[in-house]
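Contents: one structure, followed by commentary.
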Amino acid sequence: MKTIHVDASVSYDVLIGEGLLSEAGSRVSSLGNIKHAVIVSDDNVFPLYGNILKESMSAEGIAVDEFIFPHGENSKSIEVYQELLEFLCSISMTRSDVLVALGGGVTGDLTGFAAATYQRGIRFIQVPTTLLAAVDSSVGGKTAVNLRGGKNQVGCFYQPSLVLCDIRTLDTLPEEEFRCGCGEVIKYGMIGDAGFFQRLAETDVRTWITDAIAACVAMKRDVVMRDEFDTGDRMLLNFGHTFAHGVEKLSDFKVPHGMAVAMGMAAITQAAEKLGACEPGTSDRLEEVLKKYGLPLEIEYSGADIAAAAKVDKKSTGSTIRLIIPEKIGSCVIRTVPADELMEWTIAGGMK
Ligand code: NAD
Ligand code: MG
């Protein structure tokens, strides 16, 4: 088992390994004075892992309730958030109790936001069951739900008290969801660790998944500790995301996030290389690894459409936009470019 310690505005451990679901009771108890827990989970994940988690906490004398919602991004809504809060109120949850988010990023973001706001804040634990949640959404404290006007438009920074990542839960994850997570895993190699990237290229990440998740979490932790509230360095985590958000929007969210990130990373790297900002050969190496993990490269939308979508994205500040540019494998920089120059980048990135 690996432990990564996060020292943000709240300090907590991220545990990664096998069998953590059945140890959850004692781990939760050790947070101190917890009598009542609510497991929040979707209708795919709860039937698979809800009972084992429940039994483990009951065995420690913790009363356990559950809140189960329909799986999918549509549940990351104000309506489900409100239902969850009303449920917590109806069973008299107090600020000394705890919420347990069992599932992917949808569950984590929804539960985190409810935990942050219910009675002005109650503790919560992340139990990620997707690769994406394990390496990204369960760590760092961004919580949110969606509005009709856009994704993640209401939320706050609120750190979990503990993260338990039982890698055995990934055994039931659909192949496409696993691949999407690989998009983010490869991103960490590109922004922060050439050796890690090389290992992804030479081996199958499934054979060293605990180490790989731990490496990603440690990289995210380092960035979050430098910039918890996302005003500077944390933007590095958005490598590949500017064009990805455009692809997601233009496809009406039919292209999954991880796939869009893969395309976005391939495009910005190709552009950076063409425009002389990146070491020659980087783009080929990235594309090879993306292909190896079954991820797509080509963006089928026009450069003009992607540039327009990126400009309305929240990362744009007025007439300039911040792009995350790779210099070489393992190193990216944040560069502010005039929004008018964005077209040049999309075209250099291979878009029509
Ligand atoms: P998800 O939570 O919808 O999970 C994907 C699908 O896999 C769902 O259908 C779920 O039921 C199923 N599933 C989950 N675990 C499973 C398992 N072990 N076995 C079988 N099926 C399983 O989506 P996701 O990709 O995990 O997360 C996406 C969400 O995360 C988005 O809403 C995104 O905005 C958010 N996100 C947040 C952050 C953050 O920092 N807070 C970072 C990245 C993404
Ligand atoms: Mg992402």
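Residues in the structure tokens are named by chain (A, B, ... in the order shown) and by number from 1 within that chain; ligands are numbered from 1 in the order shown.
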
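With a cut-off of 6 Å and using only C-alpha atoms and all ligand atoms, the polymer residues contacting ligand 1 are Asp42, Asn44, Val45, His71, Gly72, Glu73, Gly103, Gly104, Gly105, Val106, Thr107, Asp109, Thr129, Thr130, Leu132, Ala133, Asp136, Ser137, Lys142, Thr143, Thr169, Leu170, Thr172 and Leu173 of chain A.
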
Using C-alpha atoms, can you write the selected residues to a file as a PDB file, in the first residue's frame?
```
ATOM      1  CA  ASP A  42     -24.514   5.798  -7.808  1.00  0.00           C
ATOM      2  CA  ASN A  44     -23.802   1.129 -10.684  1.00  0.00           C
ATOM      3  CA  VAL A  45     -21.248   1.343  -7.926  1.00  0.00           C
ATOM      4  CA  HIS A  71     -25.286   7.123 -12.469  1.00  0.00           C
ATOM      5  CA  GLY A  72     -24.078   9.706 -14.950  1.00  0.00           C
ATOM      6  CA  GLU A  73     -23.132  13.337 -15.311  1.00  0.00           C
ATOM      7  CA  GLY A 103     -17.692   6.151  -6.873  1.00  0.00           C
ATOM      8  CA  GLY A 104     -16.244   8.189  -9.704  1.00  0.00           C
ATOM      9  CA  GLY A 105     -15.810  11.902 -10.152  1.00  0.00           C
ATOM     10  CA  VAL A 106     -19.531  12.580 -10.352  1.00  0.00           C
ATOM     11  CA  THR A 107     -20.067  11.070  -6.901  1.00  0.00           C
ATOM     12  CA  ASP A 109     -17.833  16.246  -6.783  1.00  0.00           C
ATOM     13  CA  THR A 129     -13.657   3.744  -7.966  1.00  0.00           C
ATOM     14  CA  THR A 130     -12.678   5.082 -11.409  1.00  0.00           C
ATOM     15  CA  LEU A 132     -10.026   9.287 -13.279  1.00  0.00           C
ATOM     16  CA  ALA A 133     -11.296   9.790  -9.750  1.00  0.00           C
ATOM     17  CA  ASP A 136      -7.576  13.421 -10.340  1.00  0.00           C
ATOM     18  CA  SER A 137     -10.961  14.300  -8.862  1.00  0.00           C
ATOM     19  CA  LYS A 142     -12.441  20.964  -6.040  1.00  0.00           C
ATOM     20  CA  THR A 143     -16.143  20.236  -5.547  1.00  0.00           C
ATOM     21  CA  THR A 169     -12.518  -1.670  -7.610  1.00  0.00           C
ATOM     22  CA  LEU A 170     -10.923  -0.898 -10.980  1.00  0.00           C
ATOM     23  CA  THR A 172     -15.076  -3.875 -12.743  1.00  0.00           C
ATOM     24  CA  LEU A 173     -14.525  -0.543 -14.462  1.00  0.00           C
TER      25      LEU A 173
END
```

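Residues lying within 7 Å of Glu60 of chain A, counting only C-alpha atoms and ignoring same-chain neighbours fewer than 3 positions away, are Gly25, Ser26, Ser56 and Met57 of chain A.
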
Can you write just those residues out, N, CA and C atoms, as a short mmCIF file (atom, residue, chain, number, x, y, z; two decimals), in the first residue's frame?
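Heads up, here's the output in selection-v6.cif:
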```cif
data_model
loop_
_atom_site.label_atom_id
_atom_site.label_comp_id
_atom_site.auth_asym_id
_atom_site.auth_seq_id
_atom_site.Cartn_x
_atom_site.Cartn_y
_atom_site.Cartn_z
N GLY A 25 -13.68 0.86 7.77
CA GLY A 25 -14.26 1.14 9.09
C GLY A 25 -13.21 1.64 10.06
N SER A 26 -12.10 0.91 10.18
CA SER A 26 -11.10 1.33 11.16
C SER A 26 -10.42 2.64 10.72
N SER A 56 -17.95 -2.94 6.89
CA SER A 56 -16.70 -2.56 7.53
C SER A 56 -16.90 -1.41 8.52
N MET A 57 -17.77 -0.47 8.18
CA MET A 57 -18.01 0.65 9.11
C MET A 57 -18.92 0.23 10.26
#
```

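The residue that comes closest to Val10 of chain A, out of A:Leu84, A:Ala212, A:Ala114, A:Met225 and on the basis of only C-alpha atoms, is A:Met225.
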
Subject >> Contacts with ligand 2 at most 8 Å, only C-alpha atoms and all ligand atoms counted, listed as a PyMOL selection string >> reply: chain A and resi 136+184+237-238+241+257-258+261

Original post:
Between A:Val80, A:Ile52, A:Ala101, A:Ile268, which has the minimum distance to Glu344 of chain A (counting only C-alpha atoms)?
Top reply: A:Ile268

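Nearest residue to Arg120 of chain A, choosing from A:Leu85, A:Cys182, A:Ala59, A:Ala272 and counting only C-alpha atoms: A:Leu85.
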
**OP:** Can you check which residues of segment 58-289 of chain A DSSP gives as strand (DSSP E or B) on the backbone and send them as JSON, numbers by chain?
**Re:** {"A": [63, 64, 65, 66, 67, 68, 69, 77, 98, 99, 100, 101, 102, 103, 123, 124, 125, 126, 127, 128, 142, 143, 144, 145, 146, 147, 150, 151, 152, 153, 154, 155, 156, 157, 162, 163, 164, 165, 166]}

Could the residues in this selection be written to a file with N, CA, C and O atoms, as a compact mmCIF listing (two decimals), in the first residue's frame?
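And here's selection_38.txt as it stands now:
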```txt
# COMPACT_ATOMS: atom_id res chain seq x y z
N ALA A 63 -23.03 3.93 12.73
CA ALA A 63 -24.33 3.75 12.07
C ALA A 63 -24.18 4.21 10.63
O ALA A 63 -23.61 5.27 10.37
N VAL A 64 -24.69 3.39 9.69
CA VAL A 64 -24.47 3.74 8.27
C VAL A 64 -25.79 3.85 7.53
O VAL A 64 -26.64 2.96 7.58
N ASP A 65 -25.96 4.97 6.83
CA ASP A 65 -27.09 5.13 5.91
C ASP A 65 -26.53 5.25 4.50
O ASP A 65 -25.33 5.47 4.32
N GLU A 66 -27.41 5.15 3.51
CA GLU A 66 -26.93 5.30 2.13
C GLU A 66 -27.84 6.20 1.32
O GLU A 66 -29.04 6.26 1.55
N PHE A 67 -27.21 6.90 0.38
CA PHE A 67 -27.94 7.75 -0.56
C PHE A 67 -27.47 7.34 -1.95
O PHE A 67 -26.30 7.51 -2.29
N ILE A 68 -28.38 6.75 -2.74
CA ILE A 68 -28.00 6.23 -4.04
C ILE A 68 -28.73 7.01 -5.13
O ILE A 68 -29.94 7.21 -5.05
N PHE A 69 -27.98 7.44 -6.13
CA PHE A 69 -28.58 8.26 -7.20
C PHE A 69 -28.28 7.61 -8.55
O PHE A 69 -27.35 6.79 -8.66
N SER A 77 -26.19 17.56 -10.34
CA SER A 77 -27.12 18.68 -10.56
C SER A 77 -27.55 19.29 -9.24
O SER A 77 -27.44 18.67 -8.18
N VAL A 98 -20.07 12.01 9.09
CA VAL A 98 -19.20 12.00 7.91
C VAL A 98 -19.95 11.49 6.68
O VAL A 98 -20.82 10.63 6.78
N LEU A 99 -19.60 12.05 5.52
CA LEU A 99 -20.12 11.54 4.25
C LEU A 99 -19.01 10.73 3.58
O LEU A 99 -17.83 11.10 3.66
N VAL A 100 -19.39 9.66 2.92
CA VAL A 100 -18.42 8.82 2.24
C VAL A 100 -18.81 8.75 0.76
O VAL A 100 -19.87 8.21 0.42
N ALA A 101 -17.98 9.32 -0.10
CA ALA A 101 -18.26 9.33 -1.54
C ALA A 101 -17.66 8.08 -2.17
O ALA A 101 -16.45 7.97 -2.32
N LEU A 102 -18.54 7.13 -2.51
CA LEU A 102 -18.09 5.87 -3.10
C LEU A 102 -18.42 5.89 -4.59
O LEU A 102 -19.57 5.71 -4.98
N GLY A 103 -17.41 6.13 -5.44
CA GLY A 103 -17.69 6.15 -6.87
C GLY A 103 -16.68 6.96 -7.65
O GLY A 103 -15.57 7.20 -7.20
N ARG A 123 -17.35 16.66 7.58
CA ARG A 123 -16.22 15.95 6.97
C ARG A 123 -16.69 14.99 5.88
O ARG A 123 -17.81 14.48 5.93
N PHE A 124 -15.81 14.74 4.92
CA PHE A 124 -16.15 13.72 3.93
C PHE A 124 -14.91 12.94 3.51
O PHE A 124 -13.78 13.42 3.63
N ILE A 125 -15.18 11.72 3.07
CA ILE A 125 -14.12 10.80 2.67
C ILE A 125 -14.33 10.41 1.22
O ILE A 125 -15.46 10.14 0.80
N GLN A 126 -13.27 10.43 0.46
CA GLN A 126 -13.36 10.02 -0.93
C GLN A 126 -12.95 8.55 -1.06
O GLN A 126 -11.88 8.16 -0.57
N VAL A 127 -13.81 7.76 -1.70
CA VAL A 127 -13.46 6.38 -2.03
C VAL A 127 -13.60 6.24 -3.55
O VAL A 127 -14.64 5.81 -4.07
N PRO A 128 -12.56 6.66 -4.29
CA PRO A 128 -12.65 6.68 -5.75
C PRO A 128 -12.70 5.27 -6.33
O PRO A 128 -11.96 4.39 -5.89
N LYS A 142 -11.46 20.25 -5.22
CA LYS A 142 -12.44 20.96 -6.04
C LYS A 142 -13.75 20.20 -5.98
O LYS A 142 -13.79 19.00 -6.27
N THR A 143 -14.83 20.87 -5.60
CA THR A 143 -16.14 20.24 -5.55
C THR A 143 -17.10 21.08 -6.38
O THR A 143 -16.89 22.28 -6.52
N ALA A 144 -18.10 20.47 -6.95
CA ALA A 144 -19.02 21.24 -7.79
C ALA A 144 -20.22 20.43 -8.23
O ALA A 144 -20.21 19.19 -8.18
N VAL A 145 -21.26 21.14 -8.65
CA VAL A 145 -22.32 20.54 -9.46
C VAL A 145 -22.49 21.42 -10.70
O VAL A 145 -21.93 22.52 -10.78
N ASN A 146 -23.23 20.92 -11.66
CA ASN A 146 -23.42 21.63 -12.93
C ASN A 146 -24.67 22.50 -12.89
O ASN A 146 -25.62 22.21 -12.15
N LEU A 147 -24.67 23.54 -13.70
CA LEU A 147 -25.89 24.31 -13.93
C LEU A 147 -26.32 24.04 -15.36
O LEU A 147 -25.53 23.53 -16.16
N GLY A 150 -23.77 25.44 -17.69
CA GLY A 150 -22.42 24.93 -17.87
C GLY A 150 -21.98 23.99 -16.76
O GLY A 150 -22.57 23.95 -15.68
N LYS A 151 -20.91 23.24 -17.07
CA LYS A 151 -20.36 22.27 -16.11
C LYS A 151 -19.65 22.98 -14.95
O LYS A 151 -18.99 23.99 -15.15
N ASN A 152 -19.79 22.42 -13.77
CA ASN A 152 -19.05 22.90 -12.58
C ASN A 152 -19.26 24.37 -12.29
O ASN A 152 -18.35 25.03 -11.78
N GLN A 153 -20.42 24.91 -12.60
CA GLN A 153 -20.61 26.35 -12.45
C GLN A 153 -20.93 26.77 -11.02
O GLN A 153 -20.95 27.95 -10.71
N VAL A 154 -21.21 25.79 -10.16
CA VAL A 154 -21.36 26.15 -8.74
C VAL A 154 -20.61 25.12 -7.91
O VAL A 154 -20.73 23.92 -8.12
N GLY A 155 -19.78 25.63 -7.01
CA GLY A 155 -18.98 24.71 -6.20
C GLY A 155 -18.03 25.48 -5.32
O GLY A 155 -18.11 26.70 -5.24
N CYS A 156 -17.15 24.77 -4.66
CA CYS A 156 -16.17 25.46 -3.83
C CYS A 156 -14.98 24.55 -3.60
O CYS A 156 -14.99 23.38 -3.97
N PHE A 157 -13.94 25.12 -3.00
CA PHE A 157 -12.78 24.33 -2.61
C PHE A 157 -13.06 23.76 -1.23
O PHE A 157 -13.37 24.51 -0.30
N LEU A 162 -9.93 12.25 4.15
CA LEU A 162 -9.21 10.99 3.88
C LEU A 162 -9.61 10.53 2.49
O LEU A 162 -10.74 10.76 2.05
N VAL A 163 -8.66 9.89 1.79
CA VAL A 163 -8.98 9.30 0.49
C VAL A 163 -8.55 7.83 0.54
O VAL A 163 -7.40 7.53 0.86
N LEU A 164 -9.48 6.94 0.27
CA LEU A 164 -9.18 5.50 0.26
C LEU A 164 -9.38 4.97 -1.15
O LEU A 164 -10.51 4.88 -1.63
N CYS A 165 -8.29 4.63 -1.80
CA CYS A 165 -8.38 4.15 -3.17
C CYS A 165 -8.05 2.67 -3.21
O CYS A 165 -6.88 2.27 -3.15
N ASP A 166 -9.09 1.86 -3.27
CA ASP A 166 -8.92 0.40 -3.34
C ASP A 166 -8.81 0.01 -4.81
O ASP A 166 -9.81 0.06 -5.55
```

Please run DSSP on the backbone and report, as a short mmCIF file (atom, residue, chain, number, x, y, z; two decimals) with N, CA and C atoms, in the first residue's frame, all residues within segment 229-291 of chain A that come out as alpha helix (DSSP H).
```cif
data_model
loop_
_atom_site.label_atom_id
_atom_site.label_comp_id
_atom_site.auth_asym_id
_atom_site.auth_seq_id
_atom_site.Cartn_x
_atom_site.Cartn_y
_atom_site.Cartn_z
N HIS A 241 -6.43 20.59 -21.90
CA HIS A 241 -7.84 20.78 -21.58
C HIS A 241 -8.50 21.93 -22.35
N THR A 242 -7.71 22.91 -22.81
CA THR A 242 -8.33 24.05 -23.50
C THR A 242 -9.05 23.58 -24.76
N PHE A 243 -8.32 22.81 -25.59
CA PHE A 243 -8.96 22.29 -26.80
C PHE A 243 -9.96 21.18 -26.44
N ALA A 244 -9.66 20.43 -25.38
CA ALA A 244 -10.56 19.35 -24.98
C ALA A 244 -11.95 19.88 -24.63
N HIS A 245 -11.96 20.99 -23.90
CA HIS A 245 -13.27 21.55 -23.54
C HIS A 245 -14.05 21.95 -24.78
N GLY A 246 -13.33 22.45 -25.79
CA GLY A 246 -13.97 22.79 -27.06
C GLY A 246 -14.57 21.55 -27.72
N VAL A 247 -13.79 20.47 -27.75
CA VAL A 247 -14.27 19.22 -28.36
C VAL A 247 -15.50 18.70 -27.61
N GLU A 248 -15.44 18.73 -26.28
CA GLU A 248 -16.57 18.24 -25.49
C GLU A 248 -17.84 19.04 -25.81
N LYS A 249 -17.68 20.35 -25.81
CA LYS A 249 -18.83 21.22 -26.06
C LYS A 249 -19.40 21.01 -27.46
N LEU A 250 -18.50 21.02 -28.47
CA LEU A 250 -18.97 20.90 -29.85
C LEU A 250 -19.60 19.54 -30.12
N HIS A 257 -14.59 12.97 -21.57
CA HIS A 257 -13.55 13.91 -21.16
C HIS A 257 -12.12 13.39 -21.43
N GLY A 258 -11.84 12.18 -20.99
CA GLY A 258 -10.48 11.64 -21.14
C GLY A 258 -10.05 11.53 -22.60
N MET A 259 -11.01 11.18 -23.46
CA MET A 259 -10.71 11.09 -24.90
C MET A 259 -10.43 12.49 -25.45
N ALA A 260 -11.25 13.45 -25.03
CA ALA A 260 -11.06 14.83 -25.49
C ALA A 260 -9.71 15.37 -25.01
N VAL A 261 -9.33 15.02 -23.78
CA VAL A 261 -8.04 15.47 -23.26
C VAL A 261 -6.90 14.89 -24.10
N ALA A 262 -7.04 13.62 -24.49
CA ALA A 262 -6.02 13.00 -25.34
C ALA A 262 -5.87 13.78 -26.64
N MET A 263 -6.99 14.09 -27.28
CA MET A 263 -6.94 14.85 -28.53
C MET A 263 -6.35 16.24 -28.29
N GLY A 264 -6.74 16.86 -27.19
CA GLY A 264 -6.26 18.21 -26.87
C GLY A 264 -4.75 18.22 -26.61
N MET A 265 -4.26 17.19 -25.93
CA MET A 265 -2.81 17.11 -25.67
C MET A 265 -2.05 16.91 -26.98
N ALA A 266 -2.59 16.01 -27.83
CA ALA A 266 -1.91 15.75 -29.11
C ALA A 266 -1.85 17.03 -29.94
N ALA A 267 -2.96 17.79 -29.97
CA ALA A 267 -3.01 18.99 -30.80
C ALA A 267 -2.09 20.10 -30.29
N ILE A 268 -2.13 20.35 -28.98
CA ILE A 268 -1.32 21.46 -28.46
C ILE A 268 0.18 21.12 -28.56
N THR A 269 0.49 19.84 -28.45
CA THR A 269 1.91 19.44 -28.54
C THR A 269 2.40 19.57 -29.98
N GLN A 270 1.56 19.13 -30.91
CA GLN A 270 1.92 19.30 -32.33
C GLN A 270 2.11 20.79 -32.65
N ALA A 271 1.19 21.61 -32.13
CA ALA A 271 1.28 23.05 -32.39
C ALA A 271 2.54 23.64 -31.77
N ALA A 272 2.81 23.27 -30.53
CA ALA A 272 3.99 23.81 -29.84
C ALA A 272 5.26 23.46 -30.61
N GLU A 273 5.29 22.24 -31.13
CA GLU A 273 6.48 21.82 -31.86
C GLU A 273 6.61 22.62 -33.17
N LYS A 274 5.49 22.75 -33.87
CA LYS A 274 5.52 23.51 -35.15
C LYS A 274 5.90 24.96 -34.94
N THR A 282 8.79 15.47 -29.61
CA THR A 282 7.89 15.31 -28.46
C THR A 282 6.51 14.84 -28.91
N SER A 283 6.03 15.45 -29.98
CA SER A 283 4.70 15.14 -30.47
C SER A 283 4.59 13.66 -30.88
N ASP A 284 5.59 13.17 -31.59
CA ASP A 284 5.59 11.75 -32.00
C ASP A 284 5.57 10.82 -30.79
N ARG A 285 6.38 11.15 -29.79
CA ARG A 285 6.44 10.29 -28.60
C ARG A 285 5.11 10.29 -27.86
N LEU A 286 4.50 11.46 -27.74
CA LEU A 286 3.21 11.53 -27.06
C LEU A 286 2.16 10.72 -27.83
N GLU A 287 2.14 10.91 -29.15
CA GLU A 287 1.11 10.23 -29.95
C GLU A 287 1.25 8.71 -29.86
N GLU A 288 2.47 8.25 -29.81
CA GLU A 288 2.72 6.81 -29.69
C GLU A 288 2.10 6.25 -28.39
N VAL A 289 2.30 6.98 -27.30
CA VAL A 289 1.79 6.51 -26.01
C VAL A 289 0.26 6.62 -25.96
N LEU A 290 -0.28 7.69 -26.51
CA LEU A 290 -1.74 7.83 -26.54
C LEU A 290 -2.36 6.66 -27.31
N LYS A 291 -1.74 6.35 -28.46
CA LYS A 291 -2.27 5.24 -29.28
C LYS A 291 -2.17 3.92 -28.54
#
```

**OP:** Fewer than 5 positions away in the same chain doesn't count, so skip those; otherwise give me all residues within 9 Å of Ile62 of chain A, counting only C-alpha atoms, as a PyMOL selection string.
**Re:** chain A and resi 25+29+34-37+57

Since we have the selection now, will you write its residues out, keeping N, CA and C atoms, as a PDB file, in the first residue's frame?
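Just written: out_21.pdb:
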```pdb
ATOM      1  N   GLY A  25     -13.683   0.862   7.768  1.00  0.00           N
ATOM      2  CA  GLY A  25     -14.259   1.136   9.089  1.00  0.00           C
ATOM      3  C   GLY A  25     -13.208   1.644  10.062  1.00  0.00           C
ATOM      4  N   SER A  29     -12.865   5.386  11.555  1.00  0.00           N
ATOM      5  CA  SER A  29     -12.909   5.553  13.018  1.00  0.00           C
ATOM      6  C   SER A  29     -11.726   6.357  13.515  1.00  0.00           C
ATOM      7  N   ILE A  34     -16.533   9.434  15.277  1.00  0.00           N
ATOM      8  CA  ILE A  34     -17.547   9.371  14.218  1.00  0.00           C
ATOM      9  C   ILE A  34     -18.594   8.306  14.563  1.00  0.00           C
ATOM     10  N   LYS A  35     -19.846   8.737  14.661  1.00  0.00           N
ATOM     11  CA  LYS A  35     -20.915   7.814  15.063  1.00  0.00           C
ATOM     12  C   LYS A  35     -21.824   7.453  13.910  1.00  0.00           C
ATOM     13  N   HIS A  36     -21.858   8.305  12.910  1.00  0.00           N
ATOM     14  CA  HIS A  36     -22.847   8.149  11.852  1.00  0.00           C
ATOM     15  C   HIS A  36     -22.205   8.503  10.512  1.00  0.00           C
ATOM     16  N   ALA A  37     -22.396   7.647   9.521  1.00  0.00           N
ATOM     17  CA  ALA A  37     -21.846   7.913   8.187  1.00  0.00           C
ATOM     18  C   ALA A  37     -22.936   7.719   7.143  1.00  0.00           C
ATOM     19  N   MET A  57     -17.771  -0.470   8.183  1.00  0.00           N
ATOM     20  CA  MET A  57     -18.009   0.649   9.110  1.00  0.00           C
ATOM     21  C   MET A  57     -18.924   0.227  10.258  1.00  0.00           C
TER      22      MET A  57
END
```
